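One file, start-v4.pdb, is given below (PDB, C-alpha atoms and all ligand atoms).
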```
MODEL        1
ATOM      1  CA  MET E   1     -99.154 137.967  34.107
ATOM      2  CA  GLN E   2     -99.688 135.569  36.982
ATOM      3  CA  LEU E   3     -96.046 135.921  37.868
ATOM      4  CA  VAL E   4     -95.810 139.677  37.315
ATOM      5  CA  LYS E   5     -98.692 140.697  39.575
ATOM      6  CA  PRO E   6     -97.297 139.451  42.909
ATOM      7  CA  ILE E   7     -93.865 140.846  42.060
ATOM      8  CA  VAL E   8     -95.311 144.311  41.346
ATOM      9  CA  LYS E   9     -97.459 144.075  44.452
ATOM     10  CA  ARG E  10     -94.480 143.277  46.621
ATOM     11  CA  CYS E  11     -91.891 145.555  45.085
ATOM     12  CA  LEU E  12     -93.896 148.696  44.362
ATOM     13  CA  PRO E  13     -94.573 149.767  47.955
ATOM     14  CA  TYR E  14     -90.942 149.075  48.814
ATOM     15  CA  GLU E  15     -89.682 151.149  45.881
ATOM     16  CA  LEU E  16     -92.089 153.949  46.738
ATOM     17  CA  ILE E  17     -90.959 154.046  50.353
ATOM     18  CA  ASN E  18     -87.366 153.887  49.201
ATOM     19  CA  ALA E  19     -87.865 156.789  46.773
ATOM     20  CA  LEU E  20     -89.625 158.869  49.426
ATOM     21  CA  TRP E  21     -86.854 158.179  51.914
ATOM     22  CA  TRP E  22     -84.211 159.298  49.457
ATOM     23  CA  LEU E  23     -86.087 162.474  48.644
ATOM     24  CA  LEU E  24     -86.860 163.402  52.233
ATOM     25  CA  ARG E  25     -83.922 162.098  54.232
ATOM     26  CA  PRO E  26     -81.818 164.789  55.858
ATOM     27  CA  GLU E  27     -78.566 165.337  53.964
ATOM     28  CA  PRO E  28     -75.333 166.811  55.341
ATOM     29  CA  SER E  29     -76.301 170.014  53.565
ATOM     30  CA  ASN E  30     -80.073 170.275  53.588
ATOM     31  CA  THR E  31     -80.358 172.822  50.795
ATOM     32  CA  LEU E  32     -79.762 170.346  47.964
ATOM     33  CA  GLY E  33     -81.800 170.555  44.776
ATOM     34  CA  PHE E  34     -83.809 167.768  43.232
ATOM     35  CA  TRP E  35     -81.146 166.720  40.677
ATOM     36  CA  ARG E  36     -78.443 166.437  43.263
ATOM     37  CA  LEU E  37     -80.666 164.357  45.502
ATOM     38  CA  LEU E  38     -81.478 162.132  42.557
ATOM     39  CA  LEU E  39     -77.826 161.714  41.555
ATOM     40  CA  LEU E  40     -76.941 160.915  45.154
ATOM     41  CA  LYS E  41     -79.080 157.821  44.974
ATOM     42  CA  ARG E  42     -77.093 154.635  44.964
ATOM     43  CA  TYR E  43     -77.243 153.585  41.302
ATOM     44  CA  PRO E  44     -77.142 157.000  39.573
ATOM     45  CA  PHE E  45     -74.183 157.915  41.798
ATOM     46  CA  ARG E  46     -72.327 154.699  41.012
ATOM     47  CA  PHE E  47     -72.996 155.126  37.308
ATOM     48  CA  LEU E  48     -71.789 158.741  37.327
ATOM     49  CA  VAL E  49     -68.580 157.887  39.174
ATOM     50  CA  GLN E  50     -67.762 154.783  37.151
ATOM     51  CA  LEU E  51     -68.334 156.622  33.878
ATOM     52  CA  ARG E  52     -66.049 159.473  34.937
ATOM     53  CA  LEU E  53     -63.333 157.096  36.217
ATOM     54  CA  LEU E  54     -63.466 155.076  33.012
ATOM     55  CA  TYR E  55     -63.189 158.239  30.919
ATOM     56  CA  LEU E  56     -60.149 159.399  32.899
ATOM     57  CA  GLU E  57     -58.449 155.999  32.727
ATOM     58  CA  LEU E  58     -58.897 155.894  28.945
ATOM     59  CA  THR E  59     -57.827 159.447  28.230
ATOM     60  CA  ARG E  60     -55.056 160.174  30.722
ATOM     61  CA  LYS E  61     -51.823 158.612  31.903
ATOM     62  CA  PRO E  62     -51.370 158.323  35.668
ATOM     63  CA  VAL E  63     -48.838 160.721  37.199
ATOM     64  CA  PHE E  64     -46.839 159.560  40.221
ATOM     65  CA  LEU E  65     -44.870 161.237  42.945
ATOM     66  CA  ALA E  66     -41.564 159.571  43.778
ATOM     67  CA  VAL E  67     -41.851 158.029  47.233
ATOM     68  CA  SER E  68     -39.308 156.626  49.670
ATOM     69  CA  GLU E  69     -38.928 152.914  50.382
ATOM     70  CA  GLU E  70     -40.770 153.382  53.679
ATOM     71  CA  GLU E  71     -43.733 154.929  51.899
ATOM     72  CA  ARG E  72     -43.723 152.339  49.113
ATOM     73  CA  LYS E  73     -45.881 149.774  50.914
ATOM     74  CA  GLY E  74     -48.861 152.038  51.440
ATOM     75  CA  PHE E  75     -48.375 153.604  48.025
ATOM     76  CA  ASP E  76     -48.390 150.336  46.031
ATOM     77  CA  ARG E  77     -51.459 149.154  47.870
ATOM     78  CA  ASN E  78     -53.365 152.348  47.218
ATOM     79  CA  PHE E  79     -52.444 152.587  43.561
ATOM     80  CA  ARG E  80     -53.568 148.993  43.061
ATOM     81  CA  TYR E  81     -56.928 149.950  44.593
ATOM     82  CA  ARG E  82     -57.232 153.274  42.751
ATOM     83  CA  HIS E  83     -60.782 152.529  41.518
ATOM     84  CA  ARG E  84     -62.136 151.808  44.989
ATOM     85  CA  PHE E  85     -64.164 154.194  47.042
ATOM     86  CA  GLY E  86     -65.663 154.061  50.548
ATOM     87  CA  ARG E  87     -68.831 156.136  50.182
ATOM     88  CA  GLN E  88     -70.046 155.571  53.720
ATOM     89  CA  ARG E  89     -66.896 156.830  55.403
ATOM     90  CA  VAL E  90     -66.824 159.881  53.159
ATOM     91  CA  GLU E  91     -70.438 160.703  53.984
ATOM     92  CA  ARG E  92     -69.456 160.456  57.653
ATOM     93  CA  TRP E  93     -66.918 163.277  57.313
ATOM     94  CA  LEU E  94     -69.520 165.314  55.440
ATOM     95  CA  ARG E  95     -71.846 164.868  58.404
ATOM     96  CA  VAL E  96     -69.120 165.916  60.842
ATOM     97  CA  CYS E  97     -68.576 168.922  58.605
ATOM     98  CA  ALA E  98     -72.275 169.775  58.612
ATOM     99  CA  ALA E  99     -72.201 169.635  62.414
ATOM    100  CA  SER E 100     -69.908 172.675  62.359
ATOM    101  CA  ASN E 101     -72.515 174.869  60.642
ATOM    102  CA  LYS E 102     -69.996 175.938  58.007
ATOM    103  CA  SER E 103     -71.577 176.780  54.669
ATOM    104  CA  PHE E 104     -70.604 174.095  52.153
ATOM    105  CA  ARG E 105     -71.218 176.426  49.223
ATOM    106  CA  ASP E 106     -68.853 179.168  50.356
ATOM    107  CA  SER E 107     -66.051 176.997  51.733
ATOM    108  CA  ARG E 108     -62.788 176.191  50.000
ATOM    109  CA  LEU E 109     -62.228 172.497  50.544
ATOM    110  CA  LEU E 110     -58.992 170.498  50.298
ATOM    111  CA  ILE E 111     -59.293 166.726  50.153
ATOM    112  CA  ILE E 112     -56.049 164.926  50.949
ATOM    113  CA  GLY E 113     -55.648 161.405  49.520
ATOM    114  CA  PRO E 114     -58.977 160.856  47.744
ATOM    115  CA  ARG E 115     -57.419 158.106  45.564
ATOM    116  CA  ASN E 116     -59.846 158.992  42.734
ATOM    117  CA  GLU E 117     -62.475 161.623  41.940
ATOM    118  CA  ALA E 118     -65.360 159.840  43.678
ATOM    119  CA  GLU E 119     -64.810 161.693  46.983
ATOM    120  CA  LEU E 120     -64.746 165.012  45.102
ATOM    121  CA  ILE E 121     -67.933 164.198  43.194
ATOM    122  CA  LEU E 122     -69.678 163.239  46.429
ATOM    123  CA  ALA E 123     -68.614 166.517  48.089
ATOM    124  CA  TRP E 124     -69.876 168.410  45.034
ATOM    125  CA  LEU E 125     -73.228 166.618  45.093
ATOM    126  CA  HIS E 126     -73.534 167.439  48.782
ATOM    127  CA  GLY E 127     -73.249 171.148  48.079
ATOM    128  CA  PHE E 128     -69.585 172.195  47.705
ATOM    129  CA  ARG E 129     -68.869 174.219  44.558
ATOM    130  CA  TRP E 130     -66.731 172.292  42.035
ATOM    131  CA  ASP E 131     -64.353 175.268  41.688
ATOM    132  CA  ASN E 132     -63.880 175.342  45.462
ATOM    133  CA  ILE E 133     -62.877 171.681  45.687
ATOM    134  CA  PHE E 134     -59.137 170.915  45.595
ATOM    135  CA  ALA E 135     -57.410 167.586  46.070
ATOM    136  CA  ILE E 136     -53.929 166.117  46.346
ATOM    137  CA  ASP E 137     -52.598 162.570  46.284
ATOM    138  CA  LEU E 138     -49.342 160.720  45.599
ATOM    139  CA  PHE E 139     -50.704 159.655  42.198
ATOM    140  CA  SER E 140     -53.372 161.008  39.904
ATOM    141  CA  VAL E 141     -55.282 160.325  36.709
ATOM    142  CA  SER E 142     -57.416 163.416  37.212
ATOM    143  CA  PRO E 143     -56.882 167.091  36.367
ATOM    144  CA  LYS E 144     -58.631 167.880  39.674
ATOM    145  CA  ILE E 145     -56.158 165.900  41.807
ATOM    146  CA  ALA E 146     -52.710 167.472  42.075
ATOM    147  CA  VAL E 147     -49.771 165.179  42.701
ATOM    148  CA  MET E 148     -48.332 166.385  45.999
ATOM    149  CA  ASN E 149     -47.122 164.996  49.307
ATOM    150  CA  ALA E 150     -49.224 166.000  52.323
ATOM    151  CA  GLU E 151     -46.014 166.362  54.331
ATOM    152  CA  ARG E 152     -44.819 169.222  52.090
ATOM    153  CA  MET E 153     -47.679 171.049  50.417
ATOM    154  CA  ASP E 154     -47.226 173.889  47.918
ATOM    155  CA  PHE E 155     -50.298 175.863  49.022
ATOM    156  CA  PRO E 156     -49.821 179.255  50.718
ATOM    157  CA  ASP E 157     -50.766 179.691  54.397
ATOM    158  CA  ASP E 158     -54.492 180.004  55.215
ATOM    159  CA  SER E 159     -55.681 178.739  51.801
ATOM    160  CA  PHE E 160     -58.649 176.583  52.845
ATOM    161  CA  ASP E 161     -61.687 176.657  55.111
ATOM    162  CA  ILE E 162     -61.901 172.884  55.392
ATOM    163  CA  VAL E 163     -59.121 170.318  55.081
ATOM    164  CA  VAL E 164     -60.050 166.639  55.019
ATOM    165  CA  ALA E 165     -57.848 163.584  55.419
ATOM    166  CA  CYS E 166     -60.128 160.560  55.373
ATOM    167  CA  ALA E 167     -58.266 157.285  55.998
ATOM    168  CA  VAL E 168     -54.976 158.882  54.928
ATOM    169  CA  LEU E 169     -52.965 159.523  58.109
ATOM    170  CA  PRO E 170     -52.158 155.851  58.746
ATOM    171  CA  TYR E 171     -50.329 155.748  55.386
ATOM    172  CA  ILE E 172     -48.114 158.753  56.080
ATOM    173  CA  PRO E 173     -44.860 157.891  57.844
ATOM    174  CA  ASN E 174     -44.391 161.442  59.209
ATOM    175  CA  ALA E 175     -47.975 162.086  60.201
ATOM    176  CA  SER E 176     -47.056 164.954  62.523
ATOM    177  CA  ASP E 177     -45.408 166.834  59.606
ATOM    178  CA  ALA E 178     -48.553 166.335  57.532
ATOM    179  CA  LEU E 179     -50.758 167.557  60.388
ATOM    180  CA  ARG E 180     -48.649 170.680  60.846
ATOM    181  CA  GLU E 181     -48.914 171.333  57.106
ATOM    182  CA  MET E 182     -52.694 170.906  57.283
ATOM    183  CA  ALA E 183     -52.842 173.412  60.144
ATOM    184  CA  ARG E 184     -50.671 175.837  58.160
ATOM    185  CA  ILE E 185     -52.830 175.850  55.017
ATOM    186  CA  CYS E 186     -56.098 175.925  56.990
ATOM    187  CA  ARG E 187     -57.498 179.362  57.874
ATOM    188  CA  PRO E 188     -57.897 180.383  61.528
ATOM    189  CA  GLY E 189     -61.312 179.109  62.520
ATOM    190  CA  GLY E 190     -61.121 176.587  59.677
ATOM    191  CA  ILE E 191     -61.725 172.901  60.210
ATOM    192  CA  LEU E 192     -59.596 169.814  59.963
ATOM    193  CA  LEU E 193     -61.585 166.641  59.466
ATOM    194  CA  LEU E 194     -59.565 163.575  60.281
ATOM    195  CA  ARG E 195     -60.436 159.966  60.035
ATOM    196  CA  ASN E 196     -58.173 157.208  61.154
ATOM    197  CA  SER E 197     -58.376 153.456  61.274
ATOM    198  CA  TYR E 198     -56.020 151.135  63.017
ATOM    199  CA  TYR E 199     -55.554 147.690  64.420
ATOM    200  CA  GLU E 200     -54.957 147.643  68.114
ATOM    201  CA  ARG E 201     -53.331 144.248  68.275
ATOM    202  CA  LEU E 202     -51.364 143.938  65.070
ATOM    203  CA  PRO E 203     -47.891 145.391  64.689
ATOM    204  CA  ASN E 204     -48.696 146.964  61.334
ATOM    205  CA  PRO E 205     -47.230 150.477  61.335
ATOM    206  CA  TYR E 206     -49.852 151.697  58.874
ATOM    207  CA  PHE E 207     -52.668 150.980  61.286
ATOM    208  CA  SER E 208     -51.162 151.571  64.687
ATOM    209  CA  ARG E 209     -51.318 155.287  65.355
ATOM    210  CA  PRO E 210     -54.278 156.140  67.554
ATOM    211  CA  MET E 211     -56.001 159.447  66.949
ATOM    212  CA  ASP E 212     -55.006 160.682  70.416
ATOM    213  CA  ARG E 213     -51.368 160.602  69.417
ATOM    214  CA  TYR E 214     -52.111 162.620  66.301
ATOM    215  CA  LEU E 215     -54.122 165.151  68.216
ATOM    216  CA  GLY E 216     -51.510 165.240  71.003
ATOM    217  CA  SER E 217     -48.870 166.311  68.495
ATOM    218  CA  MET E 218     -51.236 169.037  67.272
ATOM    219  CA  GLU E 219     -52.233 170.494  70.617
ATOM    220  CA  ALA E 220     -50.674 173.892  70.003
ATOM    221  CA  TYR E 221     -52.658 174.303  66.784
ATOM    222  CA  LEU E 222     -56.019 173.081  67.994
ATOM    223  CA  ASP E 223     -58.724 175.381  69.111
ATOM    224  CA  TYR E 224     -61.562 173.056  69.852
ATOM    225  CA  VAL E 225     -62.224 169.402  69.134
ATOM    226  CA  PHE E 226     -65.908 169.514  68.334
ATOM    227  CA  PHE E 227     -66.423 165.964  67.292
ATOM    228  CA  ARG E 228     -64.877 162.717  68.358
ATOM    229  CA  GLU E 229     -66.103 159.242  67.697
ATOM    230  CA  LYS E 230     -64.783 155.792  68.388
ATOM    231  CA  GLU E 231     -66.476 152.948  66.670
ATOM    232  CA  PRO E 232     -65.096 149.448  67.162
ATOM    233  CA  ILE E 233     -65.797 147.131  64.234
ATOM    234  CA  GLU E 234     -64.679 143.644  63.260
ATOM    235  CA  ILE E 235     -62.699 143.441  60.053
ATOM    236  CA  ASP E 236     -61.862 140.558  57.777
ATOM    237  CA  LEU E 237     -58.067 140.180  57.876
ATOM    238  CA  ARG E 238     -57.848 138.423  54.533
ATOM    239  CA  LYS E 239     -59.773 141.152  52.740
ATOM    240  CA  ALA E 240     -57.638 143.784  54.414
ATOM    241  CA  GLY E 241     -54.520 141.990  53.138
ATOM    242  CA  ILE E 242     -53.078 141.635  56.645
ATOM    243  CA  ALA E 243     -53.333 137.885  57.288
ATOM    244  CA  ASP E 244     -54.599 134.755  55.564
ATOM    245  CA  SER E 245     -57.703 134.390  57.686
ATOM    246  CA  GLY E 246     -59.548 135.547  60.811
ATOM    247  CA  THR E 247     -60.941 138.824  62.042
ATOM    248  CA  ALA E 248     -59.681 141.551  64.362
ATOM    249  CA  PRO E 249     -61.260 144.496  66.149
ATOM    250  CA  VAL E 250     -60.452 147.844  64.567
ATOM    251  CA  LEU E 251     -61.164 151.253  65.970
ATOM    252  CA  VAL E 252     -62.407 153.654  63.383
ATOM    253  CA  GLU E 253     -62.021 157.179  64.636
ATOM    254  CA  TYR E 254     -63.251 160.462  63.340
ATOM    255  CA  ALA E 255     -62.337 163.875  64.654
ATOM    256  CA  GLY E 256     -63.413 167.356  63.711
ATOM    257  CA  VAL E 257     -61.041 170.028  64.890
ATOM    258  CA  TYR E 258     -61.100 173.830  64.708
ATOM    259  CA  ILE E 259     -57.777 175.391  63.924
ATOM    260  CA  LYS E 260     -56.187 178.339  65.681
ATOM    261  CA  LYS E 261     -53.023 180.064  64.586
ATOM    262  CA  GLN E 262     -49.803 181.255  66.275
ATOM    263  CA  PRO E 263     -48.823 177.818  67.572
ATOM    264  CA  LYS E 264     -46.680 177.656  70.685
ATOM    265  CA  GLU E 265     -43.057 176.548  70.386
ATOM    266  CA  GLY E 266     -41.971 172.954  70.924
ATOM    267  CA  VAL E 267     -44.783 170.939  69.411
ATOM    268  CA  ALA E 268     -44.384 167.248  70.230
ATOM    269  CA  LYS E 269     -43.847 164.667  67.463
ATOM    270  CA  CYS E 270     -46.183 161.688  67.162
TER     271      CYS E 270
HETATM  272  C1  LIG E 301     -56.983 154.447  52.022
HETATM  273  S1  LIG E 301     -56.883 155.672  50.749
HETATM  274  C2  LIG E 301     -58.223 156.719  51.232
HETATM  275  C3  LIG E 301     -59.085 157.057  50.041
HETATM  276  C4  LIG E 301     -60.318 157.903  50.378
HETATM  277  N1  LIG E 301     -59.966 159.103  51.119
HETATM  278  C5  LIG E 301     -61.356 157.104  51.122
HETATM  279  O1  LIG E 301     -61.609 157.371  52.305
HETATM  280  O2  LIG E 301     -61.923 156.176  50.528
HETATM  281  C6  LIG E 301     -55.428 156.596  51.248
HETATM  282  C7  LIG E 301     -54.988 157.621  50.207
HETATM  283  O3  LIG E 301     -54.007 158.505  50.776
HETATM  284  C8  LIG E 301     -52.989 158.738  49.824
HETATM  285  N2  LIG E 301     -51.774 159.143  50.511
HETATM  286  C9  LIG E 301     -50.960 158.384  51.280
HETATM  287  N3  LIG E 301     -49.915 159.096  51.717
HETATM  288  C10 LIG E 301     -50.066 160.352  51.223
HETATM  289  C11 LIG E 301     -49.301 161.540  51.313
HETATM  290  N4  LIG E 301     -48.159 161.585  52.003
HETATM  291  N5  LIG E 301     -49.742 162.638  50.660
HETATM  292  C12 LIG E 301     -50.907 162.607  49.965
HETATM  293  N6  LIG E 301     -51.678 161.507  49.851
HETATM  294  C13 LIG E 301     -51.258 160.389  50.461
HETATM  295  C14 LIG E 301     -52.858 157.402  49.120
HETATM  296  O4  LIG E 301     -52.207 157.518  47.881
HETATM  297  C15 LIG E 301     -54.328 157.001  48.985
HETATM  298  O5  LIG E 301     -54.897 157.489  47.821
ENDMDL
END
```
Please express the file's structure as structure tokens.
Ligand SMILES: C[S@@+](CC[C@H](N)C(=O)[O-])C[C@H]1O[C@@H](n2cnc3c(N)ncnc32)[C@H](O)[C@@H]1O
Amino acid sequence: MQLVKPIVKRCLPYELINALWWLLRPEPSNTLGFWRLLLLKRYPFRFLVQLRLLYLELTRKPVFLAVSEEERKGFDRNFRYRHRFGRQRVERWLRVCAASNKSFRDSRLLIIGPRNEAELILAWLHGFRWDNIFAIDLFSVSPKIAVMNAERMDFPDDSFDIVVACAVLPYIPNASDALREMARICRPGGILLLRNSYYERLPNPYFSRPMDRYLGSMEAYLDYVFFREKEPIEIDLRKAGIADSGTAPVLVEYAGVYIKKQPKEGVAKC
């Protein structure tokens, strides 16, 4: 009892404040119900995602898309990390999306390269309807993620209100083809949400395409860039699998872009 009392005394106020914060904090879509807010909390969310991923791994065989030698490097790396998920960066695109005042509930959303269902579940918890969420990747263990290459998508023109590629463009050798495809399947007035990450100093082709070059190649399709952010961070090179030790500055960039149609001729390649 002697030990328990001070622990309760210290932890209870913290837990209470924490619970209040989670219930009251502004979310990307601020019309979320109590259960969604609760499931969005760190541990319930992790539990939900891990349970679903485990179920899929046990019940389904992964399906792969054949990729070229050039694409192999990024592909192998991503399949090896297929259970990983960057919640923070996904919540950032949701915030960019909320900044556009588009209704989450009524929008058809395409997520390109989610790696697993976690990004879809997070979008659903933040207010998108499950039936309105679509996803593609080069591999899949999920019935919700179609196996398809972003450079050549099977969707008809103007199929989606929002198209997201979060940390995907650096892995696509022909990024300008993928961007043109995204513009094609996105409705006029729809939104492309792009997130890039790259090393400025290292000659790694997967991390060396600044967002400006992407957007430059898209100029004819863009209506209005409503969000742009550059955020330099230090990354651990060993963890990133780039070098044995050391750190390097990385620019993480987000962009939110409205799409217009009838592109002009002669769009530049990036
Ligand atoms: C770094 S992961 C990003 C995962 C997730 N979006 C996130 O932010 O945590 C990149 C994903 O893009 C997928 N990808 C790479 N090239 C692709 C392509 N051409 N078409 C569709 N998906 C692709 C990879 O398979 C991988 O799942």
Taking only residues of chain E that have an atom at most 8 Å from an atom of ligand LIG 301 (chain E), what is each one's shortest atom pair and its distance in Å to one decimal, using all atoms listed in the file, in chain and number order, as CSV?
```
residue,atom,partner,partner_atom,distance
E:Glu71,CA,E:LIG301,N3,7.5
E:Gly74,CA,E:LIG301,C9,6.7
E:Phe75,CA,E:LIG301,O4,5.5
E:Asn78,CA,E:LIG301,C15,5.1
E:Phe79,CA,E:LIG301,O4,6.6
E:Arg82,CA,E:LIG301,O5,7.0
E:Arg84,CA,E:LIG301,O2,7.1
E:Phe85,CA,E:LIG301,O2,4.6
E:Gly86,CA,E:LIG301,O2,4.3
E:Arg87,CA,E:LIG301,O2,6.9
E:Arg89,CA,E:LIG301,O1,6.2
E:Val90,CA,E:LIG301,O1,5.9
E:Ile111,CA,E:LIG301,N1,7.7
E:Ile112,CA,E:LIG301,N6,5.7
E:Gly113,CA,E:LIG301,O3,3.6
E:Pro114,CA,E:LIG301,N1,3.9
E:Arg115,CA,E:LIG301,O5,3.4
E:Asn116,CA,E:LIG301,O5,7.3
E:Glu119,CA,E:LIG301,C4,6.8
E:Ile136,CA,E:LIG301,C12,5.9
E:Asp137,CA,E:LIG301,N6,3.8
E:Leu138,CA,E:LIG301,O4,4.9
E:Phe139,CA,E:LIG301,O4,6.3
E:Val147,CA,E:LIG301,C12,7.8
E:Met148,CA,E:LIG301,C12,6.1
E:Asn149,CA,E:LIG301,N5,3.8
E:Ala150,CA,E:LIG301,N5,3.8
E:Glu151,CA,E:LIG301,N4,5.7
E:Ala165,CA,E:LIG301,N1,6.6
E:Cys166,CA,E:LIG301,N1,4.5
E:Ala167,CA,E:LIG301,C2,4.8
E:Val168,CA,E:LIG301,O3,4.3
E:Leu169,CA,E:LIG301,N3,7.1
E:Pro170,CA,E:LIG301,C9,8.0
E:Tyr171,CA,E:LIG301,C9,4.9
E:Ile172,CA,E:LIG301,N3,4.7
E:Pro173,CA,E:LIG301,N4,7.7
E:Ala178,CA,E:LIG301,N4,7.3
```
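Under the PyMOL selection byres (((chain E and resi 157-163) around 9) and not hetatm), the matching residues in the shown file are Cys97, Lys102, Asp106, Ser107, Arg108, Leu109, Leu110, Ile111, Ile112, Phe155, Pro156, Val164, Ala165, Glu181, Met182, Ala183, Arg184, Ile185, Cys186, Arg187, Pro188, Gly189, Gly190, Ile191, Leu192, Leu193 and Leu194 of chain E.
Nearest to Ser68 in chain E of all the residues E:Arg228, E:Leu39, E:Ala255, E:Asn174 is E:Asn174, based on all atoms listed in the file.
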- Suppose you want the space between CA of Glu69 in chain E and CA of Asp177 in chain E; what is it in Å?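 Pair CA of Glu69 in chain E / CA of Asp177 in chain E returns 17.9 Å.
Pairwise distance (CA of Asp223 in chain E, CA of Leu179 in chain E) equals 14.2 Å.
With distances restricted to only C-alpha atoms, E:Gln50 is the closest residue to Glu117 in chain E from E:Ser100, E:Gln50, E:Gln88, E:Asn132.
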Check: Interatomic distance between CA of Ser140 in chain E and CA of Phe64 in chain E?
Finding: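 So the answer is 6.7 Å.
If you measure from each of E:Val141, E:Leu120, E:Val4, E:Leu38 to Tyr55 in chain E using all atoms listed in the file, the closest one turns out to be E:Val141.
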Using only C-alpha atoms, pick whichever of E:Phe104, E:Tyr258, E:Phe134, E:Tyr214 has the shortest atom-to-atom distance to Phe226 in chain E.
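Checking each candidate against Phe226 in chain E, we get E:Tyr258 as the closest.
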Exercise: Arg36 in chain E partners within 10 Å, all atoms listed in the file, chain neighbours under 6 positions left out, as a ChimeraX atom specification:
/E:45,122,124-127
With C-alpha atoms retained, write the just-selected residues as an mmCIF file, in the coordinates of the input.
```
data_model
loop_
_atom_site.group_PDB
_atom_site.id
_atom_site.type_symbol
_atom_site.label_atom_id
_atom_site.label_comp_id
_atom_site.auth_asym_id
_atom_site.auth_seq_id
_atom_site.Cartn_x
_atom_site.Cartn_y
_atom_site.Cartn_z
ATOM 1 C CA PHE E 45 -74.183 157.915 41.798
ATOM 2 C CA LEU E 122 -69.678 163.239 46.429
ATOM 3 C CA TRP E 124 -69.876 168.410 45.034
ATOM 4 C CA LEU E 125 -73.228 166.618 45.093
ATOM 5 C CA HIS E 126 -73.534 167.439 48.782
ATOM 6 C CA GLY E 127 -73.249 171.148 48.079
#
```
**Prompt:** Which residue out of E:Leu65, E:Ala98, E:Ala175, E:Leu40 has the minimum interatomic distance to Ile121 in chain E when only C-alpha atoms are used?
**Reply:**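 The shortest atom-to-atom distance to Ile121 in chain E comes from E:Leu40.
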All file atoms of range 176-188 of chain E boxed axis-aligned, 8 Å per side, centre plus edges, as AutoDock Vina command-line options:
```
--center_x -51.7 --center_y 172.7 --center_z 58.8 --size_x 28.5 --size_y 31.4 --size_z 23.5
```
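The closest residue to Leu32 in chain E, picked from E:Ala220, E:Ala123, E:Arg180, E:Thr247 and counting only C-alpha atoms, is E:Ala123.
Selection by the PyMOL selection byres (((chain E and resi 144) around 8) and not hetatm) on the present file picks out Glu117, Phe134, Ala135, Ser142, Pro143, Ile145 and Ala146 of chain E.
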